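Okay, structure first, notes after.
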Amino acid sequence: LDYLDMLCGQRSNVVYIWSGHPFASLVKLKDYPEALEVTEEEYRLNVSMFHWLTAEADKRGIWVVLNFYNIHIPLPFAEKHRLDLHQPKPLPITSDYTRKSIAEFVRSFPNVGIMLCLGEALHGGVYGSEWFRETIIAGMKEGLKDVSVKENPPIILRAHAVKAEPIIEEALPLYSNLYTEAKYNGESLTTWTPRGGWVETHNNLSSMKSVHIVNI
């Protein structure tokens with residue numbers, strides 16, 4: 001509570017929580033019971049704590065945003081279906097599981113945003129737009145049908161290891177609260193002035209109808 005009060009006092013408006021794949025610890029799916037990676041008691045504690053955190057943040061005008069990577073899947077789910085933990089392209093089963101996980105997450109935590117990376121494990125240049133539109137956004141919209149919210153939770157697309165411009169352009173007609181995020185300095189801070197290809201990336205993303213976030 002002291003930390004959230006401090007953030008509020010500083011006019012900070014987002015808390016990001018980074019995870020490889022958070023849904024296996026926060027939601028249960030009747031179609032994929034094997035996907036739960038924690039005990040029933042741990043699951044109940046996780047849900048209770050996350051409800052408390054998001055409610056307290058919401059009182060202070062702070063978004064909680066959950067970051068995750070694609071396509072990462074839970075270990076017991078991977079073992080049952082004989083899949084690798086990191087998937088380079090969409091499969092019907094991984095898309096169905098991920099879409100349903102996001103939908104259930106939204107039903108449980110409708111005031112929480114998501115942030116995702118479509119590069120690295122996923123071959124985002126080939127499959128990123130398809131995964132973003134048909135799995136991620138589809139899951140958000142499926143969950144939102146069952147809850148009442150003042151505005152759609154934010155979806156933030158990281159421009160990391162993937163070209164975000166064409167992906168976000170195709171997604172804009174499908175969802176009303178899209179953001180992009182990019183860091184301009186590689187993995188370490190070298191200057192406060194973007195240069196080289198980063199300038200073009202930030203200019204392109206800033207000129208789109210989504211909201212762009214610069215991460216230092």
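For the structure tokens, the naming scheme is as follows: chains receive sequential letters (A, B, ...) according to their order of presentation, residues are indexed from 1 within each chain, and ligands are indexed from 1 in presentation order.
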
Compile the contact shell of Asn177 of chain A as a ChimeraX atom specification: residues with an atom at most 10 Å away, counting only C-alpha atoms, same-chain residues fewer than 5 positions apart removed.
-> /A:113,151-156,172,209-211

Write the selection just made, keeping N, CA, C and O atoms, as a CSV table (one decimal), in the first residue's frame?
```csv
chain,number,residue,atom,x,y,z
A,113,GLY,N,-4.5,-4.7,-18.0
A,113,GLY,CA,-4.0,-4.7,-19.3
A,113,GLY,C,-3.0,-5.8,-19.6
A,113,GLY,O,-2.5,-6.5,-18.7
A,151,GLU,N,-13.8,1.1,-20.2
A,151,GLU,CA,-13.1,1.2,-21.4
A,151,GLU,C,-12.3,-0.2,-21.5
A,151,GLU,O,-12.0,-0.8,-20.5
A,152,ASN,N,-12.0,-0.6,-22.7
A,152,ASN,CA,-11.3,-1.8,-22.9
A,152,ASN,C,-9.9,-1.7,-22.3
A,152,ASN,O,-9.3,-0.7,-22.4
A,153,PRO,N,-9.5,-2.8,-21.6
A,153,PRO,CA,-8.1,-2.8,-21.1
A,153,PRO,C,-7.1,-2.6,-22.2
A,153,PRO,O,-7.3,-3.0,-23.4
A,154,PRO,N,-6.0,-1.9,-21.9
A,154,PRO,CA,-5.0,-1.7,-22.9
A,154,PRO,C,-4.3,-3.0,-23.4
A,154,PRO,O,-4.0,-3.9,-22.6
A,155,ILE,N,-4.0,-3.1,-24.7
A,155,ILE,CA,-3.1,-4.2,-25.2
A,155,ILE,C,-1.9,-3.4,-25.7
A,155,ILE,O,-2.0,-2.6,-26.6
A,156,ILE,N,-0.7,-3.8,-25.2
A,156,ILE,CA,0.5,-3.1,-25.6
A,156,ILE,C,1.3,-4.1,-26.4
A,156,ILE,O,1.7,-5.2,-25.9
A,172,LEU,N,-5.6,-2.5,-35.7
A,172,LEU,CA,-6.4,-1.3,-35.3
A,172,LEU,C,-7.9,-1.4,-35.5
A,172,LEU,O,-8.6,-0.9,-34.7
A,209,LYS,N,-2.3,5.4,-35.3
A,209,LYS,CA,-3.5,5.7,-34.4
A,209,LYS,C,-3.5,5.1,-33.1
A,209,LYS,O,-4.3,5.4,-32.2
A,210,SER,N,-2.5,4.1,-32.9
A,210,SER,CA,-2.3,3.6,-31.5
A,210,SER,C,-1.4,4.6,-30.7
A,210,SER,O,-0.9,5.5,-31.3
A,211,VAL,N,-1.3,4.4,-29.4
A,211,VAL,CA,-0.5,5.2,-28.6
A,211,VAL,C,0.9,4.5,-28.4
A,211,VAL,O,1.0,3.4,-28.2
```

Please provide as a count of residues only all residues within 9 Å of Ala159 of chain A, with the sequence filter that same-chain residues fewer than 2 positions apart are discarded (counting only C-alpha atoms).
-> 14

Residues within 12 Å of segment 19-28 of chain A, only C-alpha atoms, excluding chain neighbours under 6 positions, as a ChimeraX atom specification | /A:34-51,65-78,85-86,97-109,114-117,120-121

If you run DSSP on this backbone, which residues of segment 104-165 of chain A come out as alpha helix (DSSP H), and could you give them as a VMD selection string?
-> chain A and resid 104 to 108 124 to 131 138 to 144 164 to 165

Selection from above, C-alpha atoms, as a CSV table (one decimal), in the first residue's frame, can you write it?
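out-v4.csv, freshly written:
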```
chain,number,residue,atom,x,y,z
A,104,GLU,CA,-10.9,-16.3,-18.7
A,105,PHE,CA,-8.2,-13.9,-17.4
A,106,VAL,CA,-10.2,-10.9,-18.7
A,107,ARG,CA,-13.4,-12.3,-17.0
A,108,SER,CA,-11.5,-12.6,-13.7
A,124,GLY,CA,6.7,-12.9,-35.4
A,125,GLY,CA,7.7,-11.6,-38.9
A,126,VAL,CA,5.7,-14.6,-40.4
A,127,TYR,CA,3.0,-15.4,-37.8
A,128,GLY,CA,2.9,-12.3,-35.5
A,129,SER,CA,-0.1,-10.6,-37.1
A,130,GLU,CA,-2.1,-13.8,-37.3
A,131,TRP,CA,-1.4,-14.6,-33.6
A,138,ALA,CA,-9.9,-12.6,-30.1
A,139,GLY,CA,-9.4,-13.8,-26.5
A,140,MET,CA,-9.7,-10.3,-25.1
A,141,LYS,CA,-12.9,-9.6,-27.0
A,142,GLU,CA,-14.3,-13.0,-26.0
A,143,GLY,CA,-13.7,-12.3,-22.3
A,144,LEU,CA,-15.0,-8.7,-22.5
A,164,ALA,CA,5.4,-3.8,-35.2
A,165,GLU,CA,4.0,-1.4,-37.7
```

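When only C-alpha atoms are used to measure the gap to Ser12 of chain A, the shortest distance among A:Trp63, A:Glu56, A:Asp31, A:Glu169 belongs to A:Trp63.
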
Please report, as a PyMOL selection string, each residue of segment 79-205 of chain A to which DSSP assigns strand (DSSP E) when run on this structure's backbone.
-> chain A and resi 112-117+155-158+178-183

Keeping only C-alpha atoms, write those residues as a PDB file, in the first residue's frame.
```
ATOM      1  CA  VAL A 112      -5.880  -5.398 -16.098  1.00  0.00           C
ATOM      2  CA  GLY A 113      -4.046  -4.733 -19.346  1.00  0.00           C
ATOM      3  CA  ILE A 114      -1.714  -7.040 -21.230  1.00  0.00           C
ATOM      4  CA  MET A 115       1.615  -6.455 -22.934  1.00  0.00           C
ATOM      5  CA  LEU A 116       3.127  -8.985 -25.275  1.00  0.00           C
ATOM      6  CA  CYS A 117       6.230  -9.746 -27.238  1.00  0.00           C
ATOM      7  CA  ILE A 155      -3.128  -4.153 -25.192  1.00  0.00           C
ATOM      8  CA  ILE A 156       0.506  -3.129 -25.610  1.00  0.00           C
ATOM      9  CA  LEU A 157       2.527  -4.607 -28.471  1.00  0.00           C
ATOM     10  CA  ARG A 158       6.289  -4.616 -27.974  1.00  0.00           C
ATOM     11  CA  LEU A 178      -3.984  -0.443 -28.631  1.00  0.00           C
ATOM     12  CA  TYR A 179      -0.504   0.706 -27.659  1.00  0.00           C
ATOM     13  CA  THR A 180       2.979   0.069 -28.994  1.00  0.00           C
ATOM     14  CA  GLU A 181       6.194   0.057 -26.984  1.00  0.00           C
ATOM     15  CA  ALA A 182       9.818   0.151 -28.054  1.00  0.00           C
ATOM     16  CA  LYS A 183      13.167   0.780 -26.453  1.00  0.00           C
TER      17      LYS A 183
END
```

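Rounded to one decimal, atom CA of Ala171 of chain A and atom CA of Trp198 of chain A lie 22.3 Å from each other.
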
Close residues, Leu7 of chain A itself excluded, 12 Å, only C-alpha atoms, min 5 positions apart in chain, as number ranges by chain = A: 1-2, 12-15, 56-57, 60-63

Save out the residues we just selected, N, CA and C atoms, as a PDB file, in the first residue's frame.
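Listed below is the output, out-v3.pdb:
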```pdb
ATOM      1  N   LEU A   1       0.832  -1.207   0.000  1.00  0.00           N
ATOM      2  CA  LEU A   1       0.000   0.000   0.000  1.00  0.00           C
ATOM      3  C   LEU A   1       0.865   1.255   0.000  1.00  0.00           C
ATOM      4  N   ASP A   2       1.950   1.251   0.786  1.00  0.00           N
ATOM      5  CA  ASP A   2       2.856   2.398   0.808  1.00  0.00           C
ATOM      6  C   ASP A   2       3.466   2.628  -0.572  1.00  0.00           C
ATOM      7  N   SER A  12       2.593   8.285 -11.223  1.00  0.00           N
ATOM      8  CA  SER A  12       2.845   7.094 -12.049  1.00  0.00           C
ATOM      9  C   SER A  12       1.523   6.379 -12.279  1.00  0.00           C
ATOM     10  N   ASN A  13       1.280   5.910 -13.492  1.00  0.00           N
ATOM     11  CA  ASN A  13      -0.047   5.371 -13.789  1.00  0.00           C
ATOM     12  C   ASN A  13      -0.054   3.945 -14.303  1.00  0.00           C
ATOM     13  N   VAL A  14       1.093   3.258 -14.288  1.00  0.00           N
ATOM     14  CA  VAL A  14       1.138   1.865 -14.737  1.00  0.00           C
ATOM     15  C   VAL A  14       2.121   1.083 -13.877  1.00  0.00           C
ATOM     16  N   VAL A  15       1.743  -0.147 -13.523  1.00  0.00           N
ATOM     17  CA  VAL A  15       2.665  -1.120 -12.950  1.00  0.00           C
ATOM     18  C   VAL A  15       2.731  -2.297 -13.912  1.00  0.00           C
ATOM     19  N   GLU A  56      -6.552  -2.323  -5.531  1.00  0.00           N
ATOM     20  CA  GLU A  56      -5.881  -1.202  -4.870  1.00  0.00           C
ATOM     21  C   GLU A  56      -5.234  -0.278  -5.899  1.00  0.00           C
ATOM     22  N   ALA A  57      -4.665  -0.831  -6.939  1.00  0.00           N
ATOM     23  CA  ALA A  57      -4.077  -0.003  -7.994  1.00  0.00           C
ATOM     24  C   ALA A  57      -5.160   0.803  -8.702  1.00  0.00           C
ATOM     25  N   ARG A  60      -6.288   3.997  -7.235  1.00  0.00           N
ATOM     26  CA  ARG A  60      -5.323   5.085  -7.359  1.00  0.00           C
ATOM     27  C   ARG A  60      -5.104   5.506  -8.816  1.00  0.00           C
ATOM     28  N   GLY A  61      -5.940   4.994  -9.709  1.00  0.00           N
ATOM     29  CA  GLY A  61      -5.800   5.347 -11.117  1.00  0.00           C
ATOM     30  C   GLY A  61      -4.591   4.728 -11.778  1.00  0.00           C
ATOM     31  N   ILE A  62      -4.157   3.568 -11.282  1.00  0.00           N
ATOM     32  CA  ILE A  62      -2.971   2.901 -11.812  1.00  0.00           C
ATOM     33  C   ILE A  62      -3.390   1.632 -12.544  1.00  0.00           C
ATOM     34  N   TRP A  63      -2.989   1.512 -13.804  1.00  0.00           N
ATOM     35  CA  TRP A  63      -3.209   0.271 -14.541  1.00  0.00           C
ATOM     36  C   TRP A  63      -2.195  -0.773 -14.060  1.00  0.00           C
TER      37      TRP A  63
END
```

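Distance check against Leu91 of chain A using only C-alpha atoms: of A:Gln10, A:Ser148, A:Thr135, A:Asn203, the minimum falls on A:Thr135.
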
Expressed in Å, the length from atom CA of Pro110 of chain A to atom CA of Leu53 of chain A is 13.1 Å

Nearest candidate to Asp96 of chain A (options A:Tyr32, A:Asp146, A:His81, A:Asn111; using only C-alpha atoms) |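 Once distances to Asp96 of chain A are computed over only C-alpha atoms, the minimum belongs to A:Tyr32.
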